[in-house]
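Participant: So that we are looking at the same thing, I have put the structure below in structure tokens.
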Amino acid sequence: MAIFVSENTKVLVQGLTGGQGRFHGLRNRDYGTQVVAGVTPGKAGQDVEGIPVFDTVESAVAATGATASFIAVPPNAAPAAILEAARAGIGFVVCITEGVPAQDEARVFATLQRDFPKTRLLGPNCPGIISPGKCNIGITAGEIAALPSAKGPNVGIVSRSGTLTYQALYELKQRNIGVSTCVGIGGDPVPGTSFVDCLAEFQSDPETHAIIMIGEIGGTAEEEAAEFIMTHVTKPMSAYIAGVTAPAGKKMGHAGAIVSGGKGTAQGKMDALNSAGVKVGLNPTEACELMAQIIASM
Amino acid sequence: MDLFEYQGKQYFARYDIAVSAGGVALTVDEAVAQAELAKYPVVIKAQVQVGGRGKAGGIKLANNADEVRLHAKNILGMDIKGHIVKRVWVEHASDIAEEYYASFTLDRSAKRHLLMLSAQGGVEIEHVAVVDPTAIVKLHVNPVEGLSADVAKRAVVDARISEKAQDGVAAMLVKLYECFTKGDCDLAEINPLILKPNGDVHALDAKVTLDDNAAFRHPEWDEYRATEELDEREKLAREKNLQYIGLDGSVGIIANGAGLAMSTLDVVNQVGGKAANFLDIGGGANAELMTAALEVINSDTKVKSIFINIFGGITRGDEVAKGIVEAMKRVKLRAPIVIRLDGTNATEGRAIIAAAGIAESQLISRPTMLEAARSAVEIAGKK
């Protein structure tokens, strides 16, 4: 078991003929992911190292039975690409595109909610999802992720930050701790999939025994997660929140990472998670050490 | 990007939101000329991106050219909470019958647009929220459905806005929503939104924050960019397309990824140091990018050590290492580098650095983020 994806997930790549789409799409295939199609308008009939390219998501789905989409297109094209995938009946869409305007994200999210409730969007501006040994959609380097062990215990990872996701994967691998699924939800103001969505899935996933959560300053997603954990999550957790030292009013790289009006501080988020029984580390290494202790006691 | 009041008003005017006649002035003479155009009496307002201008003496009424000269001279160059006034906005003074508050933002947790409306304007909305929270109407707008005139009218009635102003304010809300959505604002706020004795509704102030991600479809934003208040280091970084924020510590930071960069600041702080900056070098850290990053860091005279924290995912350790070696040939650094290199091709990267034969006084390598932070802070402390 894994969350959102499995070894049976068939992936099409929107933007496969572009630089990013080609690079990451092929890497995902090399990892063992079933990358069955590419979509680029006007390029039907071509192929990228054997992967057939179609004009539309609809025709790609009809020909290949793709169930998930990996979107690697520029920000001005991403909103339409997401909705095209949803219209074609794709159930899981991963959008790595950085720089999508917040108004577009809000409109896309509301449209999915109203018209395509069966489509789950991960991102935009996220590293993607990897279920080690089964499926890797996005830009995560597969070799830094430890395979889950059949007996367990295995850890689920959910993170708002790309590089900190890799850091967590790497540290767990060094400690020989298996990973069930690692989800990067992205650092934008309106992520398609939230911490709470992932925590709910991990809680009901029999292959996940403990959870690491990596948050950052800005917004209230971590506080909402803490509230959810208190009432719905029984699996042990550790966490790290980036940006303790971030000055107020300055966006720290991610469009969503900003402390404003005294809200969205790292301390507030750490306190909320602590109260929910989550072991909070002061840096990524410490969060993974705390997880190692949790695993050792299981 | 935050706009100055005058830019916000110009932006509002694009969406047909009523603002006072006025103009911006950089000198006393220009202020007088703008006052003549706007017709007396006029209000002279300091253009700074910080609250409390009025209390600081940055907003004055003038009835004639002499008064404009006096006030403009005092206000230009004034220091308001660390912000030096470079421009004043001169506009025709409005008669005010009532003052309201209106704003649109994105409510990230609801994933909806949020209208906040109050019949108590002209004071800080945070203050109203504490003293009389029921005086603020909060209404979520579904981004797909938008704001209809009917819904706007209902919000106006709920906010207990005077009857004679209701239609005008409702119409204003629809226009402000249009400005917020089509204009790609993170925030569009009018405080105060005034009712004049003649019944007109009018934006007396403008607070607008634009979403930088939408700049590609707003060529008209270029002129706002030109007046953005960045320090020298931030300007240099922008030219090089680097995500940089200046801070006041002595440890220069270069990391790949926003999260890792933030985390690097935290770890430096944890071991007793202070970061000089936030710098996210992004995905493809090649020689050119690394040189640019080091140049920016090097322009900061407070930097006593440079902590390069790279976790290779897509970024390859060998590329980063080549970049650093190459950059050190091109840039003469004022401070030594401490590097932590992990992830994809990190072993190859460390080998490249070792083979370059750079003296340890200039560059040292540490196996973990924490150890590297300790070394960087120690070096910064010694100098």
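Going through the structure tokens in order, the chains are called A, B, and so on, while each chain numbers its residues from 1 and the ligands are numbered from 1 in the order shown.
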Using only C-alpha atoms, determine which residues of chain B fall within 6 Å of chain A; present them as a list in words.

Facilitator: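 In the required form, that comes to Pro143, Val144, Asn213, Ala214, Gly257, Ala258, Gly259, Leu260, Met262, Ser263, Asp266 and Gly313 of chain B.
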
Participant: If DSSP is run on the backbone, what residues of segment 157-232 of chain B are strand (DSSP E or B)? A reply as a list in words would be ideal.

Facilitator: Cys185, Asp186, Leu187, Ala188, Glu189, Ile190, Asn191, Pro192, Leu193, Ile194, Leu195, Val201, His202, Ala203, Lys207, Val208, Thr209 and Leu210 of chain B

Participant: Can you pull out every residue within 9 Å of segment 81-83 of chain B, counting only C-alpha atoms, but drop anything in the same chain fewer than 5 positions away, and send it as a PyMOL selection string?

Facilitator: chain B and resi 48-52+56

Participant: Write out the residues from the selection above, keeping C-alpha atoms, as a PDB file, in the first residue's frame.

Facilitator:
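Generated file (selection-v8.pdb):
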```pdb
ATOM      1  CA  VAL B  48       5.976  55.491   2.530  1.00  0.00           C
ATOM      2  CA  GLN B  49       5.058  51.839   2.902  1.00  0.00           C
ATOM      3  CA  VAL B  50       4.438  51.932   6.618  1.00  0.00           C
ATOM      4  CA  GLY B  51       1.440  52.739   8.826  1.00  0.00           C
ATOM      5  CA  GLY B  52       1.096  55.744  11.137  1.00  0.00           C
ATOM      6  CA  ALA B  56       4.237  61.170  12.407  1.00  0.00           C
TER       7      ALA B  56
END
```

Participant: Name the residues in contact with Asp211 of chain B at a cut-off of 7 Å, using only C-alpha atoms, excluding same-chain residues fewer than 4 positions from it; report them as a list in words.

Facilitator: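 Once the nearby chain positions are removed, what remains is Pro101 of chain A; Met1, Asp184, Cys185 and Asp186 of chain B.
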
Participant: Using only C-alpha atoms, which of A:Ala81, A:Ile185, A:Ile90, A:Cys135 sits nearest Val61 of chain A?

Facilitator: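 That would be A:Ile90, the residue with the smallest distance to Val61 of chain A.
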
Participant: What is the distance, in Å and to one decimal place, between atom CA of Gly91 of chain A and atom CA of Asp205 of chain A?

Facilitator: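 According to the coordinates, atom CA of Gly91 of chain A and atom CA of Asp205 of chain A are separated by 18.6 Å.
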
Participant: Can you pull out the residues contacting Val338 of chain B? Cut-off 9 Å, using only C-alpha atoms, and skip same-chain residues under 6 positions away; I want them as a list in words.

Facilitator: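 My list of contacting residues is Ser305, Ile306, Phe307, Ile308, Asn309, Gln362, Leu363, Ile364, Ser365, Arg366, Ala372, Ala373, Ser375 and Ala376 of chain B.
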
Participant: List as a ChimeraX atom specification the protein and nucleic acid residues near Ile254 of chain B, meaning an atom at most 9 Å away when only C-alpha atoms are counted, but skip any in the same chain fewer than 5 places from it.

Facilitator: /B:261,264,277-281,290,293-294,297,306-310

Participant: With N, CA and C atoms retained, could you export that selection as a short mmCIF file (atom, residue, chain, number, x, y, z; two decimals), in the first residue's frame?

Facilitator:
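What landed in again-v9.cif:
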```
data_model
loop_
_atom_site.label_atom_id
_atom_site.label_comp_id
_atom_site.auth_asym_id
_atom_site.auth_seq_id
_atom_site.Cartn_x
_atom_site.Cartn_y
_atom_site.Cartn_z
N ALA B 261 17.03 26.94 2.48
CA ALA B 261 17.64 28.24 2.79
C ALA B 261 17.09 28.78 4.11
N THR B 264 18.55 26.81 6.86
CA THR B 264 19.94 27.16 7.09
C THR B 264 20.05 28.37 8.02
N ASN B 277 21.90 37.05 5.27
CA ASN B 277 20.96 37.08 4.15
C ASN B 277 20.23 35.75 4.03
N PHE B 278 19.19 35.77 3.19
CA PHE B 278 18.54 34.57 2.70
C PHE B 278 18.88 34.53 1.23
N LEU B 279 19.43 33.42 0.73
CA LEU B 279 19.68 33.34 -0.70
C LEU B 279 19.39 31.92 -1.19
N ASP B 280 18.37 31.81 -2.03
CA ASP B 280 18.01 30.53 -2.64
C ASP B 280 18.55 30.54 -4.06
N ILE B 281 19.51 29.66 -4.31
CA ILE B 281 20.16 29.63 -5.61
C ILE B 281 19.35 28.79 -6.61
N MET B 290 26.53 30.25 -9.36
CA MET B 290 27.29 30.27 -8.11
C MET B 290 28.17 31.53 -8.06
N ALA B 293 25.90 34.39 -7.18
CA ALA B 293 25.51 34.34 -5.77
C ALA B 293 26.66 34.82 -4.88
N LEU B 294 27.87 34.37 -5.19
CA LEU B 294 29.02 34.78 -4.37
C LEU B 294 29.31 36.28 -4.53
N ILE B 297 26.82 38.07 -2.25
CA ILE B 297 27.22 37.91 -0.85
C ILE B 297 28.46 38.76 -0.57
N ILE B 306 31.02 32.49 4.83
CA ILE B 306 29.98 32.16 3.86
C ILE B 306 29.64 30.68 3.99
N PHE B 307 28.39 30.40 4.28
CA PHE B 307 27.94 29.03 4.47
C PHE B 307 27.16 28.60 3.22
N ILE B 308 27.74 27.66 2.48
CA ILE B 308 27.05 27.13 1.30
C ILE B 308 26.45 25.79 1.68
N ASN B 309 25.13 25.71 1.65
CA ASN B 309 24.43 24.50 2.08
C ASN B 309 23.64 23.92 0.91
N ILE B 310 24.16 22.84 0.36
CA ILE B 310 23.55 22.27 -0.85
C ILE B 310 23.12 20.84 -0.60
#
```

Participant: Which one of A:Gly50, A:Pro153, A:Pro127, A:Pro41 sits closest to Thr208 of chain A if you count only C-alpha atoms?

Facilitator: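 For Thr208 of chain A, the nearest of the given residues is A:Pro153.
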
Participant: I'd like to know which of B:Lys86, B:His113, B:His202, B:Lys138 is closest to Glu98 of chain B, using only C-alpha atoms.

Facilitator: B:His202

Participant: Quick one: pull the distance between atom CA of Ile177 of chain A and atom CA of Asn154 of chain A, Å, one decimal.

Facilitator: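 Taking atom CA of Ile177 of chain A as the start and atom CA of Asn154 of chain A as the end point, the length is 6.6 Å.
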
Participant: Find the spatial neighbours of Ile352 of chain B, counting only C-alpha atoms, within a cut-off of 10 Å - ignore same-chain residues fewer than 3 positions away - and output them as a compact mmCIF listing (two decimals) with C-alpha atoms, in the first residue's frame.

Facilitator:
```
# COMPACT_ATOMS: atom_id res chain seq x y z
CA GLY B 317 26.94 17.93 -6.28
CA ASP B 318 29.66 17.79 -8.95
CA GLU B 319 28.10 20.74 -10.80
CA VAL B 320 27.93 22.75 -7.59
CA ALA B 321 31.56 21.95 -6.80
CA LYS B 322 32.70 22.97 -10.28
CA ILE B 324 32.37 27.02 -6.57
CA VAL B 325 35.88 26.32 -7.85
CA ALA B 346 28.04 14.69 -3.41
CA THR B 347 31.07 12.35 -3.29
CA GLU B 348 32.17 13.47 -6.76
CA GLY B 349 31.60 17.08 -5.72
CA ALA B 355 41.44 18.33 -6.09
CA ALA B 356 41.23 22.09 -6.68
CA GLY B 357 43.79 22.60 -3.94
```

Participant: For the atom pair atom CA of Phe228 of chain A and atom CA of Leu121 of chain A, what is the interatomic distance in Å to one decimal place?

Facilitator: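 Going from atom CA of Phe228 of chain A over to atom CA of Leu121 of chain A, I get 20.4 Å.
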